[in-house]
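Asker: Let me give you the structure first, and then I'll get to my questions.
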Amino acid sequence: MSVMRKSMLAAILAAGGVLAACGGNKATAPEAAAPQAAMPPAASCAPGIWFCENFESGSLARWDLLPAGGAATIGVADGVAGIKKEGANSYLQYDAGKSKGVVAALKDEAFASVKTADYFVEARIKPINNNTSNKFVCLLGRYQSVNDWLGACLNVQNGASSKVEFHKANGGKWLRARQFATRTIVNEQWYKLRLEMQGDTLNFYIDDDFAGSFKDASIAARGKLGLWLDNRSFAIDDIVVGDAKVKPVLMALDQTGDWNSEVGGADREITVAATKADTTPDSFSVASSDPKVVSVAQKGDKVVLHAVGAGSATITFTSGANPALKKTVKANIEPAFVLATANYGALAKRTRPAAGIKGAYVDGELALSFDAAPVLTGIGSLRIFEAKTDKLVDVIKPKGESNIYGPSPDGFYRGVNQQLMRVVGKQLIVRPHTGKLEYGKAYYVALSDNLLKDAKLAGKPFAGLGKKAGWGFTTRKAPKASLSSVVVDDDGSKADFRSVQGALDHAMKLPKEAPVKISVKKGVYEEILFLRGKDNVTIQGESREGTVIQGENYESLNTGLSIGANKPLASGGGRTVFAVGNADMLVLDRLTLKNTHLKKVGVNGQAETIYFAGEKERLIAKNANFISRQDTLQLNAYSWFYNTLIAGDVDFIWGSSKAALFENSEIRTVVDSTDATKGGYLVQARVTAAADKGYVFLNSRITREEGVPDGATVLARSAGSPAYFDNVVYVNSKIDKHVSAEGWWTSPVSNPAKATALAGWREFGSTRPDGTPLSLAGRVPAARTMTAEEAAPYLSREQVFATIGWKPQP
């Protein structure tokens, strides 16, 4: 922050904002820095601010610098430990190494001006990349000791998947108590983090946006300030403390990301929520950087954006109470769509569904074959019109698309960001948005002339596709509503549906307990799936290897896990391929379910194949493959995997299962695509009751993909929370040499810290792949080698599921 910027903050505070500043003398040269041994004079804080620190004194004498286990170091620059410069501005930087813990705490006498526990603490924080796996940095309040504090934290997760979180420590137990807003947070950029503590109510903010609230009465005393990290280097500056009753000036928009449209497209209405420091409504202004591209009209808390011309413009919203508080929306406007007049001769053999066909499927993909592999430009669109009325039915763009699945029987929808257009060989393949096509209607397809680059169709340069080109079709009649056994085939003529989701949509319209069988023919089905509120659904493939249901979904694309929202939102549906909720006795048989996302550096690769949510519901998976990399299976309630392959690299079996049994199955660690020298973690159990069986591996094989190194993989690691139990049991399983001699990862500490006969990390009868008994003498002290008597409740599926009397059969 520049000197001018810091001086502006006091004026903003006087104008009614909560952004605060502290003054202080600049250290003009290293020798001018204050001595580290002496407490420097208190900085000159803005009116209403109780404490401030901007490091301009060049001294850290007001702080106790803690080594966090000896691994964290304070950067050295300009001759002053920890103090670095950005132009004329000074700030504190920590280089994490590989460490976790409190790295600094304010001295008691430096915080003496703060007399109450009801205060806010606010600071600018800059995450710094140090190539470590964990990514936390926390600003601490009510700090009592390294073992007791409250923290507002940044979980720096590769850009758009980062989060604001509440962490705390009580009696030495660290807990990630709540995740709040998902934000784009990148390294080497400053963010303002704020924690308000008023009684037991804690409020969290990032960059003048409210992130969330949490009730916690565990620490009520005033305490002081601290800094905590977990393997994340960071810089910090402009720390201020004030009365928790004084709120920040806020302004939030209901627009996330860019606005992408075209000339003549629908207007975008943005709702603005703006409040002053006293929480009353605030005024705001809005302006377009180029009114010839986007015009703006403001009425009350609504702003309407109108696409005027092709190009880009930035729309800036400015707070009335705090002119320094601005929010921006970038608008990208394409030229108006024009229906092409080009003709390419007969298209029946080049199109799917074939031009002129009657009996097309409403849930099928569209495909157009070119003379050579076409190249998408990233702009333009494919459009579907009603043939009789020329009414526009659907618009599909090459990027920035989303799709909405549902509704479920209880009125829930799953909305996800999803690529709906792709090139495979010479084909352009497009999936229409769900529910846009109706049964028994005639349509035609149009493509804009700017959709593809240097493409040829039937020997002619591609110049768009319009009604005259003749790619029209009529959809088939709807299948019988009562049909309880349906066939899915991606190209056969006797199928009921072209997509698995089409069949699931049909199933969800039947009575909840009515059995439904979905038979899926051989083929590769590029899909994202949703099932909610429907019991007794069986999805059976024609071939385990030949029936492949796959899609690319991951945390940076669709954050978190979800089983739907009670309104048709375009996003929020989570990162898994198949989201299942409140669906008892789902059977997945003789198929492959795959998340095709390949982990990349800088992209959050959490990518489940299935998220099975519920409290008492049951899942059966048999003779099937589940393939991803990180977080392959997220399981809750009860599940039985029999004769299955589960492949992944990081926590690829996890969740809060009451009992999840993997019987006669292969648990395969794959090579980490970001670092081939890494191993992996098989399980992260978050079992909520100590008495629950958790995750049980019976007569299974713990294997590896070629290239996974010896000794680099562990059987499980803990979530590190007292709210979860690490109940994981391996019985009579064959374990390859990629699993380390220690067997389990003990950072963070498991719960229980040392396994008992009924809870924690346990093992019995383990062997090498050739059947040779495996010595467990090197296992970590937290794990337990069970006796035959202790292993008895895990020796059959009837015993594992005894509490619910479930006896599933192959």
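So you can find residues: chains in the structure tokens are A, B, ... in the order shown, residues in each start at 1, and ligands are numbered from 1 in order.
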Applying 12 Å and only C-alpha atoms, which residues near A:Ser556 remain after dropping the ones on its own chain fewer than 5 positions away? List them as a list in words.

Answerer: Val156, Gln157, Asn158, Gly159, Ala160, Ser161, Ser162, Lys163, Thr182, Arg183, Thr184, Ile185, Val416, Asn417, Gln418, Gly572, Gly574, Arg575, Thr576, His597, Lys599, Lys600, Val601, Gly602, Val603, Asn604, Gly605, Gln606 and Ala607 of chain A

Asker: Identify all residues of stretch 475-705 of chain A in strand (DSSP E) (DSSP on the backbone) and supply them as an NGL selection string.

Answerer: :A and (475 or 485-488 or 516-520 or 523-526 or 529-532 or 537-541 or 547-551 or 578-581 or 586-589 or 592-595 or 610-613 or 618-622 or 625-627 or 633-642 or 645-648 or 650-663 or 666-669 or 680-685 or 694-698 or 701-704)

Asker: So that I can see what lies close to A:Val424, please list as a ChimeraX atom specification the residues with an atom at most 10 Å from it, counting only C-alpha atoms and leaving out residues fewer than 6 positions away in the same chain.

Answerer: /A:367,369,373-374

Asker: With distances taken over only C-alpha atoms, which of A:Ala360, A:Leu175, A:Ala565, A:Leu428 is nearest to A:Leu452?

Answerer: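 Selected residue with least distance to A:Leu452: A:Leu428.
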
Asker: Quick one: residues within 7 Å of A:Trp259, only C-alpha atoms, excluding same-chain residues fewer than 6 positions away - as a VMD selection string?

Answerer: chain A and resid 330 to 332

Asker: Please produce a file of the residues just selected, as a JSON list (two decimals), in the first residue's frame, where the atoms kept are N, CA and C atoms.

Answerer:
```json
[["chain", "number", "residue", "atom", "x", "y", "z"],
["A", 330, "LYS", "N", -16.73, -7.34, -15.51],
["A", 330, "LYS", "CA", -16.27, -7.24, -16.89],
["A", 330, "LYS", "C", -17.33, -7.81, -17.81],
["A", 331, "ALA", "N", -17.65, -7.07, -18.86],
["A", 331, "ALA", "CA", -18.64, -7.50, -19.86],
["A", 331, "ALA", "C", -17.94, -7.82, -21.17],
["A", 332, "ASN", "N", -18.22, -8.98, -21.72],
["A", 332, "ASN", "CA", -17.68, -9.40, -23.01],
["A", 332, "ASN", "C", -18.84, -9.59, -23.98]]
```

Asker: Please determine, counting only C-alpha atoms, which residue among A:Phe166, A:Phe284, A:Phe234, A:Phe612 has the shortest atom-to-atom distance to A:Gln189.

Answerer: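 For A:Gln189, the nearest of the candidates is A:Phe234.
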
Asker: Stretch 308-418 of chain A near stretch 262-273 of chain A within 6 Å: what's each residue's closest atom pair and its distance in Å to one decimal, counting only C-alpha atoms, ordered by chain then ascending residue number, as a Markdown table?

Answerer:
```
| residue | atom | partner | partner_atom | distance |
| --- | --- | --- | --- | --- |
| A:Val308 | CA | A:Val263 | CA | 5.8 |
| A:Gly309 | CA | A:Val263 | CA | 5.7 |
| A:Ile333 | CA | A:Glu262 | CA | 4.7 |
| A:Glu334 | CA | A:Glu262 | CA | 4.3 |
| A:Pro335 | CA | A:Val263 | CA | 5.4 |
| A:Ala336 | CA | A:Val263 | CA | 4.5 |
```

Asker: Find the residues of stretch 264-293 of chain A that sit at most 12 Å from stretch 198-213 of chain A; for each, write down the nearest two atoms and how far apart they are in Å, to one decimal. Count only C-alpha atoms. Sort by chain, then by number going up, and give it as a tab-separated table.

Answerer:
```
residue	atom	partner	partner_atom	distance
A:Ala273	CA	A:Asp209	CA	10.2
A:Ala274	CA	A:Asp209	CA	10.1
A:Thr275	CA	A:Asp208	CA	10.7
A:Lys276	CA	A:Asp208	CA	11.3
A:Ala277	CA	A:Asp208	CA	11.2
```

Asker: Let me see the file: selected residues, C-alpha atoms, as an mmCIF file, in the first residue's frame.

Answerer:
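That gives us result13.cif:
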```cif
data_model
loop_
_atom_site.group_PDB
_atom_site.id
_atom_site.type_symbol
_atom_site.label_atom_id
_atom_site.label_comp_id
_atom_site.auth_asym_id
_atom_site.auth_seq_id
_atom_site.Cartn_x
_atom_site.Cartn_y
_atom_site.Cartn_z
ATOM 1 C CA ALA A 273 -26.674 -4.769 -1.552
ATOM 2 C CA ALA A 274 -24.930 -1.707 -0.052
ATOM 3 C CA THR A 275 -24.819 -0.737 3.632
ATOM 4 C CA LYS A 276 -23.125 1.963 5.703
ATOM 5 C CA ALA A 277 -21.130 1.465 8.893
#
```

Asker: Excluding stretch 788-802 of chain A and residues on its chain fewer than 3 positions from it, collect all residues at most 9 Å away from it, counting only C-alpha atoms, and give them as number ranges by chain.

Answerer: A: 638, 640, 659-661, 663, 693, 696-699, 729-732, 757-758, 763-765, 805-808

Asker: Select, from A:Val780, A:Ala321, A:Ala759, A:Val708, the residue with the minimum atom-to-atom distance to A:Glu742, counting only C-alpha atoms.

Answerer: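 Using only C-alpha atoms, A:Glu742 sits closest to A:Val780.
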
Asker: As a ChimeraX atom specification, please: the residues near stretch 117-129 of chain A (cut-off 8 Å, only C-alpha atoms, same-chain neighbours under 3 positions excluded).

Answerer: /A:132,137,139,141-142,156,186-199,220-223,232-245

Asker: Between atom CA of A:Ile653 and atom CA of A:Ile539, what distance in Å does the model show, to one decimal?

Answerer: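 For atom CA of A:Ile653 relative to atom CA of A:Ile539, the distance reads 21.4 Å.
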
Asker: Point out the residue among A:Asn54, A:Ser673, A:Thr559, A:Gln550 with the least atom-to-atom distance to A:Lys84, counting only C-alpha atoms.

Answerer: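 For A:Lys84, the nearest of the given residues is A:Asn54.
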